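S.K.: Enclosed is the structure file protein26.pdb (PDB, C-alpha atoms).
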ATOM      1  CA  MET A  27       0.000   0.000   0.000
ATOM      2  CA  MET A  28       1.216   3.495  -0.825
ATOM      3  CA  ASN A  29       2.617   5.334   2.153
ATOM      4  CA  PRO A  30       0.215   8.301   2.578
ATOM      5  CA  THR A  31       3.134  10.617   3.385
ATOM      6  CA  ILE A  32       4.773   9.993  -0.014
ATOM      7  CA  PRO A  33       3.222  12.135  -2.786
ATOM      8  CA  CYS A  34       2.211  10.541  -6.056
ATOM      9  CA  LEU A  35       0.799  11.689  -9.407
ATOM     10  CA  SER A  36      -1.662   8.884 -10.047
ATOM     11  CA  ASN A  37      -4.017  10.366 -12.649
ATOM     12  CA  ASP A  38      -4.350  13.076 -15.304
ATOM     13  CA  GLN A  39      -6.221  15.430 -12.977
ATOM     14  CA  GLU A  40      -3.386  15.409 -10.424
ATOM     15  CA  LEU A  41      -0.841  15.951 -13.200
ATOM     16  CA  GLN A  42      -2.759  18.893 -14.650
ATOM     17  CA  ARG A  43      -2.994  20.586 -11.244
ATOM     18  CA  ALA A  44       0.764  20.197 -10.899
ATOM     19  CA  VAL A  45       1.300  21.568 -14.423
ATOM     20  CA  VAL A  46      -0.676  24.717 -13.535
ATOM     21  CA  GLU A  47       1.434  25.243 -10.413
ATOM     22  CA  LEU A  48       4.700  24.678 -12.284
ATOM     23  CA  VAL A  49       3.798  26.933 -15.218
ATOM     24  CA  ASP A  50       2.901  29.672 -12.738
ATOM     25  CA  ALA A  51       6.283  29.276 -11.009
ATOM     26  CA  ALA A  52       8.335  28.693 -14.178
ATOM     27  CA  PRO A  53       6.881  30.628 -17.154
ATOM     28  CA  LEU A  54       9.321  28.831 -19.502
ATOM     29  CA  PHE A  55       6.792  26.003 -19.674
ATOM     30  CA  LYS A  56       3.855  28.208 -20.625
ATOM     31  CA  ARG A  57       4.988  28.093 -24.244
ATOM     32  CA  VAL A  58       4.866  24.292 -24.245
ATOM     33  CA  VAL A  59       1.310  24.222 -22.912
ATOM     34  CA  THR A  60       0.237  27.020 -25.270
ATOM     35  CA  ASP A  61       1.722  25.327 -28.343
ATOM     36  CA  TYR A  62       0.978  21.680 -27.585
ATOM     37  CA  GLY A  63      -1.389  21.476 -24.636
ATOM     38  CA  PRO A  64      -0.656  19.769 -21.320
ATOM     39  CA  PRO A  65       1.688  16.765 -21.337
ATOM     40  CA  PRO A  66       0.464  13.164 -21.117
ATOM     41  CA  LEU A  67       0.866  11.307 -17.840
ATOM     42  CA  TRP A  68       2.613   8.456 -19.723
ATOM     43  CA  LYS A  69       1.648   6.144 -16.858
ATOM     44  CA  ARG A  70       3.164   2.668 -16.844
ATOM     45  CA  GLU A  71       2.212  -0.220 -14.631
ATOM     46  CA  GLU A  72       4.496  -0.940 -11.706
ATOM     47  CA  GLY A  73       6.312  -4.262 -11.896
ATOM     48  CA  PHE A  74       8.754  -6.458 -13.752
ATOM     49  CA  PRO A  75       7.544  -5.843 -17.344
ATOM     50  CA  THR A  76       7.978  -2.088 -17.032
ATOM     51  CA  LEU A  77      11.503  -2.431 -15.657
ATOM     52  CA  ILE A  78      12.412  -4.746 -18.532
ATOM     53  CA  ARG A  79      11.009  -2.212 -20.990
ATOM     54  CA  ILE A  80      13.041   0.611 -19.412
ATOM     55  CA  ILE A  81      16.180  -1.543 -19.615
ATOM     56  CA  LEU A  82      15.459  -2.014 -23.334
ATOM     57  CA  GLU A  83      15.138   1.771 -23.687
ATOM     58  CA  GLN A  84      18.643   2.419 -22.381
ATOM     59  CA  GLN A  85      20.626   4.252 -25.098
ATOM     60  CA  VAL A  86      18.322   3.305 -27.989
ATOM     61  CA  SER A  87      15.288   4.863 -29.644
ATOM     62  CA  LEU A  88      11.910   4.388 -28.012
ATOM     63  CA  ALA A  89      10.615   2.832 -31.226
ATOM     64  CA  SER A  90      13.252   0.083 -31.352
ATOM     65  CA  ALA A  91      12.857  -0.600 -27.628
ATOM     66  CA  ARG A  92       9.079  -0.855 -28.022
ATOM     67  CA  ALA A  93       9.461  -3.267 -30.952
ATOM     68  CA  ALA A  94      11.720  -5.548 -28.898
ATOM     69  CA  PHE A  95       9.419  -5.318 -25.885
ATOM     70  CA  ASP A  96       6.370  -6.240 -27.966
ATOM     71  CA  LYS A  97       8.210  -9.286 -29.347
ATOM     72  CA  LEU A  98       9.156 -10.316 -25.821
ATOM     73  CA  VAL A  99       5.564 -10.047 -24.610
ATOM     74  CA  ALA A 100       4.341 -12.051 -27.613
ATOM     75  CA  ALA A 101       6.903 -14.767 -26.914
ATOM     76  CA  SER A 102       6.212 -14.816 -23.166
ATOM     77  CA  GLY A 103       2.472 -14.644 -22.958
ATOM     78  CA  GLU A 104       2.500 -13.246 -19.437
ATOM     79  CA  LEU A 105       5.855 -11.586 -18.886
ATOM     80  CA  LEU A 106       7.194 -13.008 -15.627
ATOM     81  CA  PRO A 107      10.751 -13.325 -14.257
ATOM     82  CA  GLU A 108      10.409 -17.117 -14.216
ATOM     83  CA  ARG A 109       9.584 -17.120 -17.923
ATOM     84  CA  PHE A 110      12.299 -14.621 -18.833
ATOM     85  CA  VAL A 111      15.104 -16.758 -17.365
ATOM     86  CA  ARG A 112      13.973 -19.742 -19.453
ATOM     87  CA  PHE A 113      14.678 -17.919 -22.724
ATOM     88  CA  SER A 114      18.034 -18.788 -24.240
ATOM     89  CA  ASP A 115      20.524 -16.040 -25.043
ATOM     90  CA  GLN A 116      19.965 -16.724 -28.726
ATOM     91  CA  LYS A 117      16.202 -16.356 -28.400
ATOM     92  CA  LEU A 118      16.589 -13.058 -26.587
ATOM     93  CA  LYS A 119      18.993 -11.885 -29.287
ATOM     94  CA  THR A 120      16.378 -12.571 -31.977
ATOM     95  CA  ILE A 121      13.849 -10.614 -29.905
ATOM     96  CA  GLY A 122      16.188  -7.612 -29.798
ATOM     97  CA  PHE A 123      18.258  -7.932 -26.622
ATOM     98  CA  SER A 124      21.948  -7.149 -26.794
ATOM     99  CA  ARG A 125      24.274  -9.414 -24.836
ATOM    100  CA  GLN A 126      24.533  -6.745 -22.147
ATOM    101  CA  LYS A 127      20.782  -6.243 -21.829
ATOM    102  CA  THR A 128      20.282 -10.010 -21.719
ATOM    103  CA  GLN A 129      22.546 -10.045 -18.661
ATOM    104  CA  TYR A 130      20.621  -7.170 -17.133
ATOM    105  CA  GLY A 131      17.280  -8.867 -17.718
ATOM    106  CA  ARG A 132      18.547 -12.078 -16.148
ATOM    107  CA  ALA A 133      19.960 -10.199 -13.136
ATOM    108  CA  LEU A 134      16.620  -8.471 -12.572
ATOM    109  CA  SER A 135      14.685 -11.720 -12.970
ATOM    110  CA  GLU A 136      16.929 -13.570 -10.542
ATOM    111  CA  ALA A 137      16.750 -10.753  -7.974
ATOM    112  CA  ILE A 138      12.958 -10.928  -7.998
ATOM    113  CA  ILE A 139      12.829 -14.736  -7.981
ATOM    114  CA  SER A 140      15.231 -14.879  -5.022
ATOM    115  CA  SER A 141      13.264 -12.129  -3.201
ATOM    116  CA  SER A 142      16.353  -9.958  -2.863
ATOM    117  CA  LEU A 143      14.238  -7.350  -4.679
ATOM    118  CA  ASP A 144      10.543  -7.050  -3.807
ATOM    119  CA  LEU A 145       8.876  -4.644  -6.210
ATOM    120  CA  THR A 146       5.570  -4.798  -4.322
ATOM    121  CA  THR A 147       7.042  -3.030  -1.294
ATOM    122  CA  LEU A 148       8.684  -0.160  -3.185
ATOM    123  CA  PRO A 149       5.702   2.206  -2.739
ATOM    124  CA  GLU A 150       6.403   2.187   0.994
ATOM    125  CA  HIS A 151       9.823   3.741   0.453
ATOM    126  CA  THR A 152      11.170   7.206  -0.308
ATOM    127  CA  ASP A 153      12.580   8.065  -3.733
ATOM    128  CA  GLU A 154      16.154   7.607  -2.540
ATOM    129  CA  GLU A 155      15.368   4.267  -0.885
ATOM    130  CA  VAL A 156      13.764   3.048  -4.114
ATOM    131  CA  ARG A 157      16.849   4.115  -6.079
ATOM    132  CA  GLN A 158      19.105   2.222  -3.689
ATOM    133  CA  LYS A 159      17.044  -0.968  -3.939
ATOM    134  CA  LEU A 160      16.799  -0.863  -7.735
ATOM    135  CA  THR A 161      20.392   0.134  -8.457
ATOM    136  CA  ALA A 162      21.610  -2.768  -6.334
ATOM    137  CA  VAL A 163      20.628  -4.935  -9.324
ATOM    138  CA  LYS A 164      23.168  -5.185 -12.143
ATOM    139  CA  GLY A 165      22.077  -3.159 -15.142
ATOM    140  CA  ILE A 166      19.750  -0.836 -13.286
ATOM    141  CA  GLY A 167      21.436   2.525 -13.058
ATOM    142  CA  VAL A 168      20.173   5.799 -11.671
ATOM    143  CA  TRP A 169      18.499   6.799 -14.968
ATOM    144  CA  THR A 170      16.537   3.531 -15.127
ATOM    145  CA  ALA A 171      15.532   3.828 -11.465
ATOM    146  CA  ASN A 172      14.440   7.437 -11.975
ATOM    147  CA  ILE A 173      12.332   6.608 -15.035
ATOM    148  CA  TYR A 174      10.629   3.858 -13.013
ATOM    149  CA  LEU A 175      10.007   6.276 -10.128
ATOM    150  CA  LEU A 176       8.630   8.884 -12.521
ATOM    151  CA  MET A 177       6.517   6.838 -14.931
ATOM    152  CA  ALA A 178       5.517   3.751 -12.956
ATOM    153  CA  MET A 179       5.402   5.006  -9.386
ATOM    154  CA  GLY A 180       4.195   8.511 -10.218
ATOM    155  CA  ARG A 181       6.622  10.298  -7.931
ATOM    156  CA  PRO A 182       6.344  14.050  -8.643
ATOM    157  CA  ASP A 183       9.873  15.300  -7.958
ATOM    158  CA  VAL A 184      12.266  13.030  -9.865
ATOM    159  CA  TRP A 185      14.792  14.290 -12.414
ATOM    160  CA  PRO A 186      16.158  11.678 -14.872
ATOM    161  CA  THR A 187      19.721  12.911 -15.140
ATOM    162  CA  GLY A 188      21.368  11.862 -18.389
ATOM    163  CA  ASP A 189      18.264  12.043 -20.580
ATOM    164  CA  ILE A 190      19.457  13.702 -23.776
ATOM    165  CA  ALA A 191      15.962  14.561 -25.007
ATOM    166  CA  LEU A 192      15.348  16.723 -21.933
ATOM    167  CA  ALA A 193      18.523  18.711 -22.509
ATOM    168  CA  ALA A 194      17.733  19.085 -26.220
ATOM    169  CA  SER A 195      14.220  20.299 -25.473
ATOM    170  CA  TYR A 196      15.473  22.786 -22.907
ATOM    171  CA  ALA A 197      18.002  24.137 -25.404
ATOM    172  CA  THR A 198      15.277  24.561 -28.032
ATOM    173  CA  LEU A 199      12.941  26.394 -25.667
ATOM    174  CA  ASN A 200      15.738  28.762 -24.659
ATOM    175  CA  GLU A 201      17.169  29.093 -28.190
ATOM    176  CA  LEU A 202      20.579  27.863 -27.040
ATOM    177  CA  THR A 203      23.214  26.840 -29.573
ATOM    178  CA  GLU A 204      24.360  23.887 -27.439
ATOM    179  CA  ARG A 205      22.625  21.440 -25.132
ATOM    180  CA  PRO A 206      23.405  21.846 -21.423
ATOM    181  CA  ASN A 207      25.417  18.949 -20.023
ATOM    182  CA  ASN A 208      24.045  16.518 -17.432
ATOM    183  CA  GLU A 209      25.332  18.408 -14.406
ATOM    184  CA  ASP A 210      24.040  21.730 -15.731
ATOM    185  CA  MET A 211      20.595  20.232 -16.348
ATOM    186  CA  LYS A 212      20.565  18.710 -12.880
ATOM    187  CA  GLU A 213      21.316  22.128 -11.416
ATOM    188  CA  ILE A 214      18.750  23.872 -13.633
ATOM    189  CA  ALA A 215      16.107  21.345 -12.599
ATOM    190  CA  THR A 216      16.447  22.282  -8.927
ATOM    191  CA  GLU A 217      14.464  25.406  -9.819
ATOM    192  CA  TRP A 218      11.486  23.180 -10.649
ATOM    193  CA  GLN A 219      11.218  21.430  -7.305
ATOM    194  CA  PRO A 220       8.907  19.941  -6.044
ATOM    195  CA  TYR A 221       7.685  19.118  -9.567
ATOM    196  CA  ARG A 222      10.780  18.020 -11.471
ATOM    197  CA  SER A 223       8.880  14.994 -12.819
ATOM    198  CA  VAL A 224       6.283  17.369 -14.249
ATOM    199  CA  ALA A 225       9.016  19.517 -15.788
ATOM    200  CA  ALA A 226      10.469  16.396 -17.393
ATOM    201  CA  ARG A 227       7.085  15.514 -18.887
ATOM    202  CA  LEU A 228       6.705  19.019 -20.280
ATOM    203  CA  LEU A 229      10.166  18.920 -21.847
ATOM    204  CA  TRP A 230       9.537  15.456 -23.349
ATOM    205  CA  HIS A 231       6.161  16.683 -24.615
ATOM    206  CA  ASN A 232       7.859  19.638 -26.292
ATOM    207  CA  TYR A 233      10.609  17.451 -27.757
ATOM    208  CA  LEU A 234       8.242  14.850 -29.221
ATOM    209  CA  SER A 235       5.778  17.452 -30.492
ATOM    210  CA  ASP A 236       8.558  19.409 -32.200
ATOM    211  CA  LYS A 237       9.702  16.238 -33.984
ATOM    212  CA  GLN A 238       6.196  15.703 -35.363
ATOM    213  CA  LYS A 239       6.020  19.133 -37.014
TER
END
Could you render the structure from this file as structure tokens?

M.R.:
Amino acid sequence: MMNPTIPCLSNDQELQRAVVELVDAAPLFKRVVTDYGPPPLWKREEGFPTLIRIILEQQVSLASARAAFDKLVAASGELLPERFVRFSDQKLKTIGFSRQKTQYGRALSEAIISSSLDLTTLPEHTDEEVRQKLTAVKGIGVWTANIYLLMAMGRPDVWPTGDIALAASYATLNELTERPNNEDMKEIATEWQPYRSVAARLLWHNYLSDKQK
């Protein structure tokens, strides 16, 4: 059960209220909402399948990661850790897993099977505690943990350091000639507390909408 002291954006109405507050505090985002409307919640279900999908999204396009994930789901039926570990390396390669991501998927599966990682209890923990539990598993870095916190757990104040699209979107909105680096973006994002997750959604929304022009 969700700890009532830990805030969560669980639906579109809660997100839109947060967007209004953030736009009022940071007018930079008003242009995004004016041009493209409010951002989607992009809610994902908590659990093993979502973590596998985020692992697939590491350093590749969302489209190629989604294609591999869809193949995995089709091959698995119900995507469970016990089923994942039964796939051979060759089968996972044909689905779209690199050797490295195969290792990461196996490490995650084995952590859940052995109960060294219990995803069902994560909502009871703070953001930092969740990061510590997830990053203890090989292949789950801070970016992956932050995306899970943001999209699956709905935590409102998470900044996914290292996300290139966020830096690119920020540079576009501010008409910069170069993207800010990771540390600069992390520092910039402190201005958007306690809604850094909302700021990330707005920047992604701007980035994806610009690409569709």

S.K.: List the neighbours of region 90-99 of chain A out to 10 Å using all atoms listed in the file; skip same-chain residues closer than 4 positions along the sequence, and give me the result as a list in words.

M.R.: Pro75, Thr76, Ile78, Arg79, Ile80, Ile81, Leu82, Glu83, Gln84, Gln85, Val86, Gly103, Glu104, Leu105, Leu106, Phe110, Phe113, Lys117, Leu118, Lys119, Thr120, Ile121, Gly122 and Phe123 of chain A

S.K.: If you count only C-alpha atoms, which residues fall within 10 Å of region 140-144 of chain A, apart from same-chain ones fewer than 2 positions away, as an MDAnalysis selection string?

M.R.: chainID A and resid 73 134:138 146:148 159:160 162:163

S.K.: Figure out the distance between CA of Tyr130 (chain A) and CA of Thr170 (chain A), please, to one decimal in Å.

M.R.: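 Atom-to-atom, CA of Thr170 (chain A) to CA of Tyr130 (chain A), that is 11.6 Å.
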
S.K.: Mind listing as an MDAnalysis selection string all residues within 12 Å of (-5.9, 12.7, -13.9), counting all atoms listed in the file?

M.R.: chainID A and resid 34:45 64:69 180

S.K.: Adding 4 Å on each side of the box along x, y and z that holds all listed atoms of region 107-123 of chain A, could you give its centre and edge lengths in Å to one decimal, as lines of an AutoDock Vina configuration file?

M.R.:
center_x = 15.1
center_y = -13.7
center_z = -23.1
size_x = 18.9
size_y = 20.1
size_z = 25.8

S.K.: Near Pro33 (chain A), within 12 Å and counting all atoms listed in the file, which residues show up once chain neighbours fewer than 3 positions away are dropped, as a VMD selection string?

M.R.: chain A and resid 28 to 30 36 40 to 41 44 149 to 153 175 to 176 179 to 184 220 to 221 223

S.K.: Between CA of Gly63 (chain A) and CA of Ile32 (chain A), what is the distance in Å, rounded to a tenth?

M.R.: 27.9 Å

S.K.: Figure out the distance between CA of Tyr196 (chain A) and CA of His231 (chain A), please, to one decimal in Å.

M.R.: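 These two atoms are separated by 11.3 Å.
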
S.K.: Could you tell me which of A:Met177, A:Val168, A:Val111, A:Leu192 comes closest to Trp230 (chain A) if we count all atoms listed in the file?

M.R.: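 Nearest to Trp230 (chain A): A:Leu192.
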
S.K.: My list of candidates is A:Thr216, A:Gln238, A:Asn207, A:Ser114. Which is closest to Gly131 (chain A) when distances are computed with only C-alpha atoms?

M.R.: A:Ser114
